[in-house]
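K.L.:
Have a look at the structure that comes next, please.
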Amino acid sequence: MFELIINFYDKHERHISSVALLGGFVFDNFTLQRIDLLFENLVIIFYLVLSGGGVVLRNYLDECPPKSKFFKKVYDFLPLFIQFAFGGLFSGFFIFYSRSVTLSSSWPFVLMLLILLIGNEFFKKQYQRMTFQMSVYFVAIFSFLIFFIPILIKNISPLAFILSGVLSLLVIYLFILGLKKIVPIKYNKSRINLRNSVVSIFILINVLYFSNLIPPIPLSLKDAGVYHNIQRVNGSYLVTDEDTKWYKEIFKRDTIYLNQKEGAYVFSSVFAPTDLNIKVVHDWQYFDEEKDEWTSTGEISFPILGGRDGGYRGFSKKENVFTGKWRVDIETERDQIIGRVRFNIEVDSANVRLKTETL
């Protein structure tokens, strides 16, 4: 039976790997829902342990080649095993980080995760090299701690990120120290490359974070929109919107028609983990045609409370708006963009048919 499985895998390796990658991504997308729940974090930790164990076993069998037929087959399967574990990790990371991002501001980091996810299919030979294995593993550890530490300490700040970085360095140092004891020959051959790789990755992720190119995970935007009016009534939000045909909304940018005295309202619903209380900022901007750039007209902030599945709801109002292209960046206090609402404003005295909805 074992031989039949081996032969089937050898014959259909490419197809099996591709189907596994797609199936794992779909499975993770449906099962990994809330970033602050125990199950979701246990899944990520399981993948970290699995991939770490695979790396140790692979390097041990490289240095101490197996003699039995069974372990030789196990050795041949280890790159696939490590690929599977890393594929599960970066599938989960891509799902979490992409939910917490507007790609216009944080695409470099999300693109890196996407490359590691899709490229995982083509890295089989690279997974035989200790430096490559440990580089990918360090990215995985750092990516996990970036959102796990804020959940743990109930705080999103540069201090939480720095703590994540220090802990990721400590974990990878202890892991490499273990490899040094288990596979001293392989370690000595890769020692300098290992150090340079870990340091380079650490610097790169820090540059991305302090340039606001890493999403403000574990925050994520659940809903947002621009309206004529918003009122909070008995814990719900009554919004006044334009009653337009649904098919017209699909093919055009949102346009809101206001009269001369009306202001514009922007609603947002931001998810934050339980017991994590922060301020959210609405940065109102218009596009200056003469300067060919976006110009801020003011920021409005309000606190949000974590824990609600649909996100904590709030809104801001802008008076004295005028015709043109507008956007509202929904940000943290340190200008990390959680989401963005784009719309056109037309100041028109003509009557517009309105409708009221409950959010």
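Numbering starts fresh at 1 for the residues of each chain in the structure tokens, the chains themselves are lettered A, B, ... in the order given, and ligands are numbered from 1 as they appear.
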Enumerate, as a VMD selection string, the complete set of residues in range 191-320 of chain A that a backbone-based DSSP assignment places in alpha helix (DSSP H).
P.N.:
chain A and resid 191 to 210 246 to 250
K.L.:
Give me the residues within 10 Å of range 60-66 of chain A as a ChimeraX atom specification, counting only C-alpha atoms and dropping any in the same chain fewer than 6 places off.
P.N.:
/A:54,72-75,78,128,179,182-186
K.L.:
Tell me, which residues of range 13-225 of chain A carry DSSP strand (DSSP E or B), written as a PyMOL selection string?
P.N.:
chain A and resi 220-225
K.L.:
Any idea what's packed within 6 Å of range 339-341 of chain A, counting only C-alpha atoms, ignoring anything in its chain fewer than 2 positions away? Could you give it as a list in words?
P.N.:
Thr102, Leu221, Arg327, Val328, Asp329, Ile330 and Ile337 of chain A
K.L.:
Hey, can you spit out that residue selection with C-alpha atoms as a PDB file, in the first residue's frame?
P.N.:
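File written: out.pdb
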ATOM      1  CA  THR A 102      -6.272  48.780   1.584  1.00  0.00           C
ATOM      2  CA  LEU A 221     -12.555  47.340   8.100  1.00  0.00           C
ATOM      3  CA  ARG A 327     -11.830  60.220  -0.154  1.00  0.00           C
ATOM      4  CA  VAL A 328     -11.778  59.453   3.547  1.00  0.00           C
ATOM      5  CA  ASP A 329      -8.876  57.428   4.921  1.00  0.00           C
ATOM      6  CA  ILE A 330      -9.855  55.401   7.976  1.00  0.00           C
ATOM      7  CA  ILE A 337      -4.617  53.016   6.873  1.00  0.00           C
TER       8      ILE A 337
END
K.L.:
With distances taken over only C-alpha atoms, which residue among A:Tyr209, A:Phe302, A:Phe202, A:Tyr257 lies nearest Ile278 in chain A?
P.N.:
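Of A:Tyr209, A:Phe302, A:Phe202, A:Tyr257, the one nearest Ile278 in chain A is A:Phe302, counting only C-alpha atoms.
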K.L.:
For the atom pair CA of Ile151 in chain A and CA of Val280 in chain A, what is the interatomic distance in Å to one decimal place?
P.N.:
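So the answer is 17.2 Å.
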